[in-house]
Structures are given as structure tokens and as C-alpha cells.
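Source file: entry_37.cif (mmCIF, N, CA and C atoms)
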```
data_my_file
loop_
_atom_site.label_atom_id
_atom_site.label_comp_id
_atom_site.auth_asym_id
_atom_site.auth_seq_id
_atom_site.Cartn_x
_atom_site.Cartn_y
_atom_site.Cartn_z
N MET A 1 2.08 -16.68 -9.01
CA MET A 1 2.24 -15.80 -7.87
C MET A 1 2.70 -14.41 -8.34
N LEU A 2 3.64 -14.37 -9.26
CA LEU A 2 4.12 -13.11 -9.77
C LEU A 2 2.99 -12.33 -10.44
N THR A 3 2.09 -13.04 -11.09
CA THR A 3 0.96 -12.39 -11.74
C THR A 3 0.12 -11.64 -10.73
N ARG A 4 -0.11 -12.20 -9.56
CA ARG A 4 -0.90 -11.52 -8.52
C ARG A 4 -0.21 -10.25 -8.07
N VAL A 5 1.10 -10.30 -7.95
CA VAL A 5 1.84 -9.11 -7.54
C VAL A 5 1.75 -8.04 -8.62
N LEU A 6 1.87 -8.45 -9.87
CA LEU A 6 1.77 -7.48 -10.96
C LEU A 6 0.38 -6.85 -11.02
N PHE A 7 -0.66 -7.64 -10.75
CA PHE A 7 -2.00 -7.07 -10.68
C PHE A 7 -2.09 -6.07 -9.54
N PHE A 8 -1.45 -6.37 -8.42
CA PHE A 8 -1.41 -5.44 -7.29
C PHE A 8 -0.79 -4.11 -7.72
N VAL A 9 0.34 -4.18 -8.38
CA VAL A 9 1.03 -2.96 -8.81
C VAL A 9 0.19 -2.23 -9.84
N ALA A 10 -0.38 -2.94 -10.77
CA ALA A 10 -1.24 -2.30 -11.78
C ALA A 10 -2.45 -1.66 -11.10
N GLY A 11 -3.00 -2.32 -10.10
CA GLY A 11 -4.14 -1.77 -9.37
C GLY A 11 -3.78 -0.51 -8.63
N ILE A 12 -2.62 -0.48 -8.02
CA ILE A 12 -2.18 0.73 -7.32
C ILE A 12 -2.01 1.87 -8.32
N ALA A 13 -1.45 1.57 -9.47
CA ALA A 13 -1.22 2.62 -10.46
C ALA A 13 -2.53 3.24 -10.91
N VAL A 14 -3.59 2.46 -10.99
CA VAL A 14 -4.89 3.00 -11.38
C VAL A 14 -5.52 3.78 -10.24
N VAL A 15 -5.45 3.25 -9.04
CA VAL A 15 -6.09 3.87 -7.89
C VAL A 15 -5.39 5.15 -7.48
N PHE A 16 -4.09 5.18 -7.57
CA PHE A 16 -3.32 6.34 -7.12
C PHE A 16 -2.99 7.22 -8.31
N PRO A 17 -3.57 8.39 -8.40
CA PRO A 17 -3.21 9.29 -9.50
C PRO A 17 -1.77 9.75 -9.35
N ALA A 18 -1.13 10.03 -10.47
CA ALA A 18 0.27 10.44 -10.44
C ALA A 18 0.44 11.74 -9.67
N HIS A 19 1.33 11.72 -8.73
CA HIS A 19 1.75 12.89 -7.96
C HIS A 19 0.63 13.63 -7.26
N ALA A 20 -0.39 12.92 -6.86
CA ALA A 20 -1.42 13.50 -6.01
C ALA A 20 -1.20 12.96 -4.61
N GLU A 21 -1.59 13.74 -3.62
CA GLU A 21 -1.40 13.28 -2.25
C GLU A 21 -2.21 12.01 -2.01
N LEU A 22 -1.57 11.06 -1.37
CA LEU A 22 -2.24 9.81 -1.06
C LEU A 22 -3.36 10.05 -0.06
N THR A 23 -4.49 9.44 -0.30
CA THR A 23 -5.60 9.55 0.64
C THR A 23 -5.57 8.36 1.59
N CYS A 24 -6.29 8.48 2.68
CA CYS A 24 -6.37 7.37 3.63
C CYS A 24 -6.97 6.14 2.95
N GLU A 25 -7.96 6.34 2.13
CA GLU A 25 -8.61 5.21 1.45
C GLU A 25 -7.60 4.46 0.57
N GLN A 26 -6.74 5.20 -0.10
CA GLN A 26 -5.75 4.58 -0.96
C GLN A 26 -4.69 3.85 -0.15
N ILE A 27 -4.27 4.43 0.95
CA ILE A 27 -3.28 3.80 1.81
C ILE A 27 -3.85 2.51 2.40
N VAL A 28 -5.08 2.58 2.86
CA VAL A 28 -5.73 1.40 3.43
C VAL A 28 -5.91 0.32 2.37
N ALA A 29 -6.25 0.72 1.16
CA ALA A 29 -6.40 -0.26 0.07
C ALA A 29 -5.10 -0.99 -0.20
N SER A 30 -3.97 -0.29 -0.14
CA SER A 30 -2.69 -0.96 -0.37
C SER A 30 -2.39 -1.93 0.77
N ALA A 31 -2.77 -1.57 2.00
CA ALA A 31 -2.58 -2.46 3.14
C ALA A 31 -3.44 -3.72 3.00
N GLN A 32 -4.68 -3.53 2.59
CA GLN A 32 -5.58 -4.68 2.40
C GLN A 32 -5.04 -5.61 1.32
N THR A 33 -4.53 -5.04 0.26
CA THR A 33 -3.97 -5.84 -0.82
C THR A 33 -2.74 -6.61 -0.34
N ALA A 34 -1.91 -5.96 0.46
CA ALA A 34 -0.72 -6.63 1.00
C ALA A 34 -1.10 -7.83 1.86
N VAL A 35 -2.13 -7.67 2.67
CA VAL A 35 -2.59 -8.77 3.52
C VAL A 35 -3.15 -9.90 2.66
N THR A 36 -3.90 -9.56 1.64
CA THR A 36 -4.45 -10.57 0.73
C THR A 36 -3.33 -11.34 0.04
N LEU A 37 -2.33 -10.62 -0.45
CA LEU A 37 -1.21 -11.28 -1.10
C LEU A 37 -0.44 -12.16 -0.12
N ARG A 38 -0.25 -11.69 1.10
CA ARG A 38 0.41 -12.49 2.14
C ARG A 38 -0.36 -13.80 2.34
N ASP A 39 -1.68 -13.69 2.45
CA ASP A 39 -2.51 -14.86 2.68
C ASP A 39 -2.51 -15.83 1.50
N GLN A 40 -2.15 -15.32 0.33
CA GLN A 40 -2.06 -16.16 -0.87
C GLN A 40 -0.65 -16.74 -1.04
N GLY A 41 0.26 -16.38 -0.13
CA GLY A 41 1.59 -16.97 -0.15
C GLY A 41 2.66 -16.13 -0.84
N VAL A 42 2.33 -14.91 -1.23
CA VAL A 42 3.34 -14.04 -1.86
C VAL A 42 4.25 -13.51 -0.76
N THR A 43 5.55 -13.55 -1.00
CA THR A 43 6.50 -13.10 0.02
C THR A 43 6.51 -11.57 0.11
N LEU A 44 6.86 -11.09 1.28
CA LEU A 44 6.96 -9.65 1.50
C LEU A 44 8.01 -9.04 0.58
N SER A 45 9.12 -9.71 0.41
CA SER A 45 10.17 -9.16 -0.44
C SER A 45 9.69 -8.99 -1.88
N LEU A 46 8.87 -9.90 -2.36
CA LEU A 46 8.35 -9.79 -3.72
C LEU A 46 7.36 -8.63 -3.83
N VAL A 47 6.50 -8.48 -2.85
CA VAL A 47 5.55 -7.36 -2.87
C VAL A 47 6.30 -6.03 -2.81
N LEU A 48 7.26 -5.93 -1.91
CA LEU A 48 8.04 -4.69 -1.79
C LEU A 48 8.88 -4.41 -3.03
N ALA A 49 9.42 -5.45 -3.65
CA ALA A 49 10.23 -5.26 -4.85
C ALA A 49 9.41 -4.61 -5.96
N GLU A 50 8.16 -4.94 -6.04
CA GLU A 50 7.31 -4.35 -7.07
C GLU A 50 7.08 -2.86 -6.85
N THR A 51 7.20 -2.40 -5.62
CA THR A 51 7.02 -0.96 -5.37
C THR A 51 8.24 -0.17 -5.83
N GLU A 52 9.30 -0.86 -6.20
CA GLU A 52 10.51 -0.19 -6.65
C GLU A 52 10.67 -0.25 -8.17
N SER A 53 9.63 -0.65 -8.84
CA SER A 53 9.69 -0.71 -10.30
C SER A 53 9.77 0.70 -10.89
N THR A 54 10.22 0.76 -12.11
CA THR A 54 10.33 2.05 -12.79
C THR A 54 8.98 2.74 -12.87
N ALA A 55 7.95 1.99 -13.17
CA ALA A 55 6.61 2.57 -13.27
C ALA A 55 6.17 3.20 -11.96
N MET A 56 6.45 2.52 -10.86
CA MET A 56 6.06 3.06 -9.55
C MET A 56 6.90 4.30 -9.22
N ARG A 57 8.19 4.27 -9.53
CA ARG A 57 9.05 5.42 -9.26
C ARG A 57 8.66 6.63 -10.10
N GLU A 58 8.15 6.40 -11.28
CA GLU A 58 7.69 7.50 -12.12
C GLU A 58 6.36 8.07 -11.64
N ARG A 59 5.54 7.23 -11.06
CA ARG A 59 4.20 7.63 -10.65
C ARG A 59 4.18 8.33 -9.29
N PHE A 60 5.04 7.92 -8.39
CA PHE A 60 4.99 8.42 -7.02
C PHE A 60 6.26 9.14 -6.62
N ARG A 61 6.11 10.09 -5.75
CA ARG A 61 7.26 10.79 -5.17
C ARG A 61 7.94 9.82 -4.19
N PRO A 62 9.22 10.05 -3.90
CA PRO A 62 9.94 9.17 -2.97
C PRO A 62 9.26 9.05 -1.60
N ASP A 63 8.72 10.14 -1.08
CA ASP A 63 8.06 10.08 0.23
C ASP A 63 6.78 9.25 0.16
N GLU A 64 6.08 9.30 -0.96
CA GLU A 64 4.87 8.49 -1.12
C GLU A 64 5.22 7.01 -1.22
N LEU A 65 6.26 6.69 -1.95
CA LEU A 65 6.70 5.30 -2.04
C LEU A 65 7.15 4.78 -0.68
N ALA A 66 7.84 5.61 0.07
CA ALA A 66 8.27 5.21 1.41
C ALA A 66 7.05 4.92 2.29
N MET A 67 6.02 5.75 2.18
CA MET A 67 4.81 5.54 2.96
C MET A 67 4.11 4.25 2.54
N LEU A 68 4.04 4.00 1.25
CA LEU A 68 3.42 2.76 0.78
C LEU A 68 4.21 1.54 1.25
N ARG A 69 5.52 1.61 1.17
CA ARG A 69 6.35 0.48 1.62
C ARG A 69 6.16 0.21 3.11
N ARG A 70 6.14 1.27 3.89
CA ARG A 70 5.94 1.12 5.33
C ARG A 70 4.56 0.53 5.63
N THR A 71 3.56 1.04 4.94
CA THR A 71 2.20 0.53 5.10
C THR A 71 2.14 -0.95 4.75
N ILE A 72 2.74 -1.31 3.64
CA ILE A 72 2.74 -2.70 3.21
C ILE A 72 3.46 -3.58 4.22
N ARG A 73 4.63 -3.14 4.67
CA ARG A 73 5.43 -3.93 5.61
C ARG A 73 4.67 -4.14 6.93
N LEU A 74 4.12 -3.07 7.48
CA LEU A 74 3.44 -3.17 8.78
C LEU A 74 2.17 -4.00 8.71
N SER A 75 1.42 -3.86 7.63
CA SER A 75 0.19 -4.65 7.52
C SER A 75 0.51 -6.10 7.17
N TYR A 76 1.50 -6.33 6.33
CA TYR A 76 1.90 -7.68 5.95
C TYR A 76 2.35 -8.48 7.17
N THR A 77 3.15 -7.85 8.03
CA THR A 77 3.68 -8.56 9.20
C THR A 77 2.68 -8.62 10.36
N GLY A 78 1.59 -7.89 10.24
CA GLY A 78 0.58 -7.89 11.29
C GLY A 78 0.89 -6.96 12.44
N GLU A 79 1.93 -6.13 12.29
CA GLU A 79 2.26 -5.18 13.35
C GLU A 79 1.15 -4.15 13.52
N VAL A 80 0.46 -3.85 12.42
CA VAL A 80 -0.66 -2.92 12.45
C VAL A 80 -1.78 -3.55 11.62
N SER A 81 -2.97 -3.57 12.18
CA SER A 81 -4.10 -4.11 11.41
C SER A 81 -4.59 -3.05 10.42
N VAL A 82 -5.29 -3.50 9.44
CA VAL A 82 -5.87 -2.58 8.46
C VAL A 82 -6.80 -1.60 9.17
N TYR A 83 -7.53 -2.07 10.17
CA TYR A 83 -8.46 -1.21 10.91
C TYR A 83 -7.71 -0.14 11.70
N GLU A 84 -6.61 -0.55 12.36
CA GLU A 84 -5.80 0.42 13.10
C GLU A 84 -5.21 1.46 12.15
N LEU A 85 -4.75 1.01 11.02
CA LEU A 85 -4.19 1.91 10.02
C LEU A 85 -5.24 2.91 9.55
N SER A 86 -6.42 2.41 9.29
CA SER A 86 -7.51 3.28 8.84
C SER A 86 -7.84 4.34 9.88
N ASP A 87 -7.98 3.92 11.12
CA ASP A 87 -8.28 4.86 12.20
C ASP A 87 -7.17 5.88 12.39
N SER A 88 -5.94 5.41 12.39
CA SER A 88 -4.80 6.29 12.61
C SER A 88 -4.67 7.32 11.49
N CYS A 89 -4.86 6.88 10.27
CA CYS A 89 -4.75 7.78 9.13
C CYS A 89 -5.85 8.83 9.18
N ALA A 90 -7.07 8.38 9.41
CA ALA A 90 -8.19 9.32 9.46
C ALA A 90 -8.00 10.33 10.58
N GLU A 91 -7.55 9.86 11.74
CA GLU A 91 -7.33 10.75 12.87
C GLU A 91 -6.22 11.76 12.58
N SER A 92 -5.16 11.31 11.94
CA SER A 92 -4.05 12.22 11.65
C SER A 92 -4.41 13.29 10.62
N ARG A 93 -5.45 13.02 9.86
CA ARG A 93 -5.89 13.98 8.86
C ARG A 93 -7.17 14.71 9.26
N GLY A 94 -7.47 14.63 10.54
CA GLY A 94 -8.61 15.36 11.06
C GLY A 94 -9.97 14.73 10.82
N GLY A 95 -9.98 13.49 10.39
CA GLY A 95 -11.23 12.81 10.13
C GLY A 95 -11.70 12.00 11.32
N LYS A 96 -12.80 11.33 11.12
CA LYS A 96 -13.38 10.49 12.18
C LYS A 96 -12.86 9.07 12.07
N LYS A 97 -12.79 8.42 13.21
CA LYS A 97 -12.48 6.99 13.21
C LYS A 97 -13.70 6.24 12.72
N ARG A 98 -13.46 4.96 12.37
CA ARG A 98 -14.58 4.11 11.94
C ARG A 98 -15.67 4.13 12.97
#
```
Show me this structure written as C-alpha cells.
Amino acid sequence: MLTRVLFFVAGIAVVFPAHAELTCEQIVASAQTAVTLRDQGVTLSLVLAETESTAMRERFRPDELAMLRRTIRLSYTGEVSVYELSDSCAESRGGKKR
């Protein structure tokens, strides 16, 4: 189980360039990964703990990490669907909904 979480973190590090503004596609990808990990039985606390690793703190600004944690929490708990997140993000950035 820990291996899946580490792959998640490694995947985020590759997808998200260091200190670049997060795109909607990247935010949605983290939400999709969180839902996949939830469905595989990984706990929310374990997924969130990995976002606080030294590597993640070096790669992302505090506000970006906060956004990723919120995205992960909301999608993991089902409070917001990946589709709603995608639409909301695109709309907030002047883009089109799906």
C-alpha cells in the first residue's frame, strides 16, 4: 500500500514542474489519483502525509501544497467529484466546462 502512495508522490513530482503555477489538468490528475488510491484502500491520512514530505515541500510553494491537500481531501471524501472539480477549475480560470 505504501508503494502505491510513493508512486503517487513520484508521479506528482514529474507532472508538476517545480514552482510553476498548477494547471487545472494537474489539479484534476491529483484528485483522480486520490480517488484511485482511496478505492485501493489507502487511507486519507497516508495520502496526505506524503504531501508533507521534504521532496514535496521543496518542489511546491506552501499555497500550492495547500491546494493539493484540499483537492485530495475533497475528492477522497467524495465532497466534490473529479468532474465538478474540473468544471470549477476551468471556470475559475476563464476556460470552458467539459
To one decimal in Å, tell me the separation between CA of Gln40 (chain A) and CA of Glu58 (chain A).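 CA of Glu58 (chain A) lies at a distance of 28.0 Å from CA of Gln40 (chain A).
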Computed interatomic separation between CA of Ala90 (chain A) and atom N of Ile72 (chain A) (Å):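 Going from CA of Ala90 (chain A) over to atom N of Ile72 (chain A), I get 16.3 Å.
Take atom C of Tyr83 (chain A) and CA of Thr71 (chain A): the distance between them is 11.9 Å.
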Spatial neighbours of Leu68 (chain A), max dist 7 Å, all atoms listed in the file, sep filter under 5 positions, as a PDB file with N, CA and C atoms, keeping the file's coordinate frame:
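Result went into around_5.pdb, see below:
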```pdb
ATOM      1  N   ILE A  27      -4.270   4.430   0.950  1.00  0.00           N
ATOM      2  CA  ILE A  27      -3.280   3.800   1.810  1.00  0.00           C
ATOM      3  C   ILE A  27      -3.850   2.510   2.400  1.00  0.00           C
ATOM      4  N   ASP A  63       8.720  10.140  -1.080  1.00  0.00           N
ATOM      5  CA  ASP A  63       8.060  10.080   0.230  1.00  0.00           C
ATOM      6  C   ASP A  63       6.780   9.250   0.160  1.00  0.00           C
ATOM      7  N   ARG A  73       4.630  -3.140   4.670  1.00  0.00           N
ATOM      8  CA  ARG A  73       5.430  -3.930   5.610  1.00  0.00           C
ATOM      9  C   ARG A  73       4.670  -4.140   6.930  1.00  0.00           C
TER      10      ARG A  73
END
```
